[in-house]
Structures are given as structure tokens and as C-alpha cells.
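The block underneath contains the structure these notes are about, expressed in C-alpha cells.
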Amino acid sequence: MNETESPSVPQVCLDRWSIKQVKHLGGRVNQHWLVETDSSRLVLRGYPEDQVQDVWYEHEVMRRLHQLGWPVATVVEDPISAADRLWSLFTLLPGAPRVDKGPDERRDRGRLLAELHESTSALADMGQWRGFRKADEVVHDPTLVEAIREYERIRPSHGHIMRWHLDKVRRAFEPIELDDAETIVLHSDFAPWNLLFVDGKLSGVLDFESTHLNYRVSDFALSWRGHQDEVVEGYEEVHPLSDFDQNLLCPAYWSWLFIGVKQRIEGMISGQIPIHDFDWQVEHLLRRPEFYSERLEPYPGPKQ
């Protein structure tokens, strides 16, 4: 998308905060713009209108982490509503993601995640962010089971893979005494592109849009991704995982892969969105990490 095609910031935001739009930075659900005042550059974020009541949680997590010394963007002006979005102005963090994403980067990322958890464990008093659920609650939703059975009728191959793994993950949670599990506030996407560095030093942690309360090991979902084992190894250098954590690791990871699946299937069945495969989910469900392989039954394929 070139400069002339980029979406524009509502004039009310430009006037209220005396800012100028520099460029559109993109985003998934939330959209971002680089803006500037007479003295500095900032980041403007536009949230969908239906998130107006929810952004306080994200902002509070970021504020408290900033107070604890983490390089996290902070809100510099009270949010305003305009053009079907809620708009917030944030400080601009310096640096860029690392180019090398090999074993050393993964191990360093694991250590950083463990260090971040030492801080977010102190935020559990915030409770749960509305709309989010813990890992076991996601897969034990009976309407999810019904939706995947419906999906299997229209996409037999992917549907069977997902139904088989959903059954396995539900059973995996059964013997785990989850009352003993530590719940903390997760980052939820501690991936290389969300970590900024200047001269090898961490200068920014981005993307708290899915931060919420969950089991500690659930934060490996989008950092470990079922195969970046160095992330787990680096994490254990700072915070060793107990046998309990190890047993919970893969069920929590598989659970993550079912987030939002029910809603997408319902959209397909109603005709609101095209029928499609769950390529990303299936790819990750079929992974068998080497250090965890003895705990996981291989997918047998559909019965003939």
C-alpha cells in the first residue's frame, strides 16, 4: 500500500492532539500510524469500536510494566472516540527486531520471557480481561465440539485432524490438578517481531493487544510454537519448569490453536465468510516437538 492509499487519521484526532500523520504502520485488528508533534514522534492506535470498554486492561498492564522498568509504550493522552474507532496516543519505542532468528535468538527470547513473567506475576490482581478464558476453559466449551463436528462434514480431512486433537487435549487436561497451576498475566505473542533492540539491548516490547490471565506455560504458544525448543531451554535457565509445568505445556499450546475456531466455523456455516481450511492450526497441531514426543501420540490419520 503506498502513501496515497493509506487510511487517514480522523481530523478530530489531529486537531485534539496537535499531531500530523506521517505514515500508516498497519496492523491486524488494531491499526497504527506514526504521527508527530512539533517536538516528537508518537504512535497513534485505532481500536475497533467494540473494544472501547476493554482497552483499560491493556493500558494498565503496559503502565505497570513500564513502572517496573520494562521498555513498554505508555499512553500519553486520554483516548477519544471518532470514526467508529477508539484512538489512543502512545510513546514511540526505538529500535528494530533482530534479523537473526536462529537458536541463539530463541534462547535469548526464552530468557526474556521468563524475566517478563517475574514482573507480570505481580499483576494477577487485575483479574481476567473480558472475552478471554484460560486454556482448559477454551477446549471444554461444548459449542466448540459441536462446531468442529459440523466443520468435519464440509472439510473431512482438516475437520478430523482438529476433532482428534481436540479430544486428546481435553483428555490431557483431566488428570492435571489445575488448582495448583500458577496463573499470571501473559504477553500472549512474545515473538521476534514484537521485540525491539538497539545495539543488542532490549529497547521495546510491543503488542499487548491479547494480554490476559492464563497459566504460565500458555505464553509459550506463540513463542515456542511447538518446535522452537531453544525458547523453552532459555526460559528454564531463568525459571525452571516443574514436572507439573511440563505436563501442562503441550495441552496449553494445543488449546491456543482452538481460540477463535468456533466463531470462524459459525461464520462459514452461516455464509458470512467463505468455507476454508484451517491450515495454520493443522500445521501446528501435527507438530511433535522432539523433547515432548514421548508424551504425544502420533496422529493416526482418519479411519478407513
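Letters A, B, ... mark the chains of the C-alpha cells in the order given; residue numbers begin at 1 per chain; ligand numbers begin at 1, in order shown.
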Backbone-only DSSP, alpha helix (DSSP H) members of region 50-282 of chain A, as a PyMOL selection string: chain A and resi 55-67+103-120+135-139+142-154+156-173+221-224+229-238+243-256+261-270+279-282
List every residue of region 73-271 of chain A that DSSP, applied to the backbone of this structure, places in strand (DSSP E), and write the result as JSON, numbers by chain. {"A": [75, 76, 77, 78, 79, 80, 81, 82, 85, 86, 87, 88, 89, 90, 91, 183, 184, 185, 186, 195, 196, 197, 198, 201, 202, 203, 204, 205, 212, 213, 214, 215]}
Could those residues be written to a file, using C-alpha atoms, as a PDB file, in the first residue's frame?
```
ATOM      1  CA  VAL A  75      -0.364   6.232  26.846  1.00  0.00           C
ATOM      2  CA  VAL A  76       0.346   9.954  26.623  1.00  0.00           C
ATOM      3  CA  GLU A  77      -3.230  11.235  26.170  1.00  0.00           C
ATOM      4  CA  ASP A  78      -6.688  10.065  27.231  1.00  0.00           C
ATOM      5  CA  PRO A  79      -8.374   8.032  24.437  1.00  0.00           C
ATOM      6  CA  ILE A  80     -11.085   9.585  22.287  1.00  0.00           C
ATOM      7  CA  SER A  81     -13.790   8.071  20.057  1.00  0.00           C
ATOM      8  CA  ALA A  82     -14.098   9.017  16.379  1.00  0.00           C
ATOM      9  CA  ARG A  85     -12.779   3.623  16.492  1.00  0.00           C
ATOM     10  CA  LEU A  86     -11.239   4.405  19.841  1.00  0.00           C
ATOM     11  CA  TRP A  87      -7.986   6.328  19.444  1.00  0.00           C
ATOM     12  CA  SER A  88      -5.013   6.268  21.826  1.00  0.00           C
ATOM     13  CA  LEU A  89      -1.691   8.057  21.565  1.00  0.00           C
ATOM     14  CA  PHE A  90       1.437   6.186  22.704  1.00  0.00           C
ATOM     15  CA  THR A  91       5.119   6.878  23.090  1.00  0.00           C
ATOM     16  CA  THR A 183      -1.824 -18.088  36.729  1.00  0.00           C
ATOM     17  CA  ILE A 184      -0.150 -14.888  35.620  1.00  0.00           C
ATOM     18  CA  VAL A 185      -0.784 -12.110  33.126  1.00  0.00           C
ATOM     19  CA  LEU A 186       0.593 -13.248  29.763  1.00  0.00           C
ATOM     20  CA  LEU A 195      10.844  -7.317  20.475  1.00  0.00           C
ATOM     21  CA  LEU A 196      12.950  -4.274  19.581  1.00  0.00           C
ATOM     22  CA  PHE A 197      16.677  -3.883  20.155  1.00  0.00           C
ATOM     23  CA  VAL A 198      19.241  -1.080  19.997  1.00  0.00           C
ATOM     24  CA  LYS A 201      19.932  -4.279  24.167  1.00  0.00           C
ATOM     25  CA  LEU A 202      16.175  -4.722  24.511  1.00  0.00           C
ATOM     26  CA  SER A 203      14.547  -1.375  23.726  1.00  0.00           C
ATOM     27  CA  GLY A 204      10.902  -2.255  23.288  1.00  0.00           C
ATOM     28  CA  VAL A 205       8.235  -4.891  23.876  1.00  0.00           C
ATOM     29  CA  HIS A 212      -4.745 -11.698  29.663  1.00  0.00           C
ATOM     30  CA  LEU A 213      -4.708 -14.010  32.678  1.00  0.00           C
ATOM     31  CA  ASN A 214      -3.782 -17.634  31.980  1.00  0.00           C
ATOM     32  CA  TYR A 215      -1.485 -20.455  33.059  1.00  0.00           C
TER      33      TYR A 215
END
```
Go through region 91-166 of chain A residue by residue and, counting only C-alpha atoms, keep those with an atom at most 6 Å from region 245-263 of chain A; for each kept residue give the shortest atom pair and its distance in Å to one decimal, ordered by chain and increasing number, as a Markdown table.
```
| residue | atom | partner | partner_atom | distance |
| --- | --- | --- | --- | --- |
| A:Ala135 | CA | A:Ala252 | CA | 5.5 |
| A:Val139 | CA | A:Ser255 | CA | 6.0 |
| A:Leu144 | CA | A:Lys262 | CA | 5.3 |
| A:Ala147 | CA | A:Lys262 | CA | 5.8 |
```
I need the residue nearest Phe244 (chain A) from this list: A:Gly127, A:Pro175, A:Pro7, A:Gly95. Use only C-alpha atoms for the distance. A:Pro175
For region 36-41 of chain A: contacts at 9 Å, only C-alpha atoms, fewer than 6 positions along chain excluded, given as a PyMOL selection string: chain A and resi 17-22+91-92
How would the residues just picked look written out with N, CA and C atoms as an mmCIF file, in the first residue's frame?
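Listing of result_10.cif after writing:
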```
data_model
loop_
_atom_site.group_PDB
_atom_site.id
_atom_site.type_symbol
_atom_site.label_atom_id
_atom_site.label_comp_id
_atom_site.auth_asym_id
_atom_site.auth_seq_id
_atom_site.Cartn_x
_atom_site.Cartn_y
_atom_site.Cartn_z
ATOM 1 N N TRP A 17 -4.934 16.654 19.422
ATOM 2 C CA TRP A 17 -3.593 16.423 19.964
ATOM 3 C C TRP A 17 -2.502 17.206 19.239
ATOM 4 N N SER A 18 -2.892 18.041 18.299
ATOM 5 C CA SER A 18 -1.924 18.851 17.541
ATOM 6 C C SER A 18 -0.832 17.969 16.940
ATOM 7 N N ILE A 19 -1.277 16.934 16.214
ATOM 8 C CA ILE A 19 -0.353 15.989 15.596
ATOM 9 C C ILE A 19 -0.527 16.000 14.080
ATOM 10 N N LYS A 20 0.506 15.517 13.397
ATOM 11 C CA LYS A 20 0.471 15.351 11.952
ATOM 12 C C LYS A 20 0.689 13.883 11.623
ATOM 13 N N GLN A 21 -0.069 13.374 10.667
ATOM 14 C CA GLN A 21 0.098 11.983 10.242
ATOM 15 C C GLN A 21 1.354 11.869 9.383
ATOM 16 N N VAL A 22 2.223 10.908 9.733
ATOM 17 C CA VAL A 22 3.440 10.666 8.966
ATOM 18 C C VAL A 22 3.238 9.492 8.016
ATOM 19 N N THR A 91 3.720 6.568 23.349
ATOM 20 C CA THR A 91 5.119 6.878 23.090
ATOM 21 C C THR A 91 5.665 5.953 22.006
ATOM 22 N N LEU A 92 6.649 6.415 21.260
ATOM 23 C CA LEU A 92 7.286 5.630 20.203
ATOM 24 C C LEU A 92 8.534 4.969 20.764
#
```
Do you know which residues are at most 8 Å from region 274-277 of chain A counting only C-alpha atoms, after dropping those on the same chain fewer than 6 positions away, and could you put them as an mmCIF file with N, CA and C atoms, in the first residue's frame?
```cif
data_model
loop_
_atom_site.group_PDB
_atom_site.id
_atom_site.type_symbol
_atom_site.label_atom_id
_atom_site.label_comp_id
_atom_site.auth_asym_id
_atom_site.auth_seq_id
_atom_site.Cartn_x
_atom_site.Cartn_y
_atom_site.Cartn_z
ATOM 1 N N ARG A 155 -15.391 -30.234 5.564
ATOM 2 C CA ARG A 155 -13.954 -30.329 5.325
ATOM 3 C C ARG A 155 -13.439 -31.558 6.096
ATOM 4 N N HIS A 158 -9.297 -31.842 7.345
ATOM 5 C CA HIS A 158 -8.918 -30.912 8.411
ATOM 6 C C HIS A 158 -9.851 -31.045 9.608
ATOM 7 N N MET A 268 -18.621 -19.585 8.588
ATOM 8 C CA MET A 268 -18.674 -20.367 7.348
ATOM 9 C C MET A 268 -20.060 -20.960 7.144
#
```
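Between CA of Val43 (chain A) and CA of Met126 (chain A) lies a distance of 25.6 Å.
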Just the number, please: distance in Å from CA of Arg28 (chain A) to CA of Tyr151 (chain A), one decimal. 25.2 Å
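Using only C-alpha atoms for every distance, the candidate list A:Leu206, A:Arg98, A:Leu123, A:Gln31 yields A:Leu206 as the residue closest to Pro71 (chain A).
Nearest to Pro192 (chain A) of all the residues A:Glu118, A:Asp125, A:Asp229, A:Glu105 is A:Glu105, based on only C-alpha atoms.
CA of Leu25 (chain A) is found 27.4 Å from CA of Phe278 (chain A).
Among the candidates A:Arg149, A:Arg130, A:His66, A:Arg107, the residue lying nearest to Asp50 (chain A) is A:Arg130 (atoms considered: only C-alpha atoms).
The residue that comes closest to Ile148 (chain A), out of A:Asp167, A:Glu174, A:Asp189, A:Asp54 and on the basis of only C-alpha atoms, is A:Asp167.
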Would you kindly return, as an mmCIF file with C-alpha atoms, in the first residue's frame, each protein, DNA or RNA residue with an atom no farther than 12 Å from any atom of Glu233 (chain A), considering only C-alpha atoms and excluding same-chain residues fewer than 5 positions away?
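Final output, around-v3.cif:
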```cif
data_model
loop_
_atom_site.group_PDB
_atom_site.id
_atom_site.type_symbol
_atom_site.label_atom_id
_atom_site.label_comp_id
_atom_site.auth_asym_id
_atom_site.auth_seq_id
_atom_site.Cartn_x
_atom_site.Cartn_y
_atom_site.Cartn_z
ATOM 1 C CA PRO A 103 18.940 -20.815 18.094
ATOM 2 C CA ASP A 104 20.726 -18.016 19.980
ATOM 3 C CA GLU A 105 17.869 -15.583 19.399
ATOM 4 C CA ARG A 106 15.346 -18.185 20.525
ATOM 5 C CA ARG A 107 17.272 -18.957 23.702
ATOM 6 C CA ASP A 108 17.613 -15.253 24.498
ATOM 7 C CA ARG A 109 13.890 -14.819 23.877
ATOM 8 C CA GLY A 110 13.124 -17.627 26.317
ATOM 9 C CA ARG A 111 15.209 -15.938 28.990
ATOM 10 C CA LEU A 112 13.489 -12.609 28.349
ATOM 11 C CA LEU A 113 10.066 -14.254 28.571
ATOM 12 C CA ALA A 114 10.955 -15.763 31.951
ATOM 13 C CA PHE A 220 4.812 -20.423 25.113
ATOM 14 C CA TRP A 224 7.758 -21.798 21.352
ATOM 15 C CA HIS A 227 9.134 -26.571 17.679
ATOM 16 C CA GLN A 228 11.400 -23.716 18.802
ATOM 17 C CA VAL A 238 15.879 -18.303 34.484
ATOM 18 C CA HIS A 239 12.779 -20.144 35.703
ATOM 19 C CA PRO A 240 12.965 -23.973 35.665
ATOM 20 C CA LEU A 241 9.728 -25.673 34.704
ATOM 21 C CA PHE A 291 11.737 -33.135 23.714
#
```
Using only C-alpha atoms, which protein or nucleic acid residues come within 12 Å of Tyr299 (chain A)? Drop anything in the same chain fewer than 3 positions from it, and give the result as an MDAnalysis selection string. chainID A and resid 160:168 282 285:288 293 296 302:303
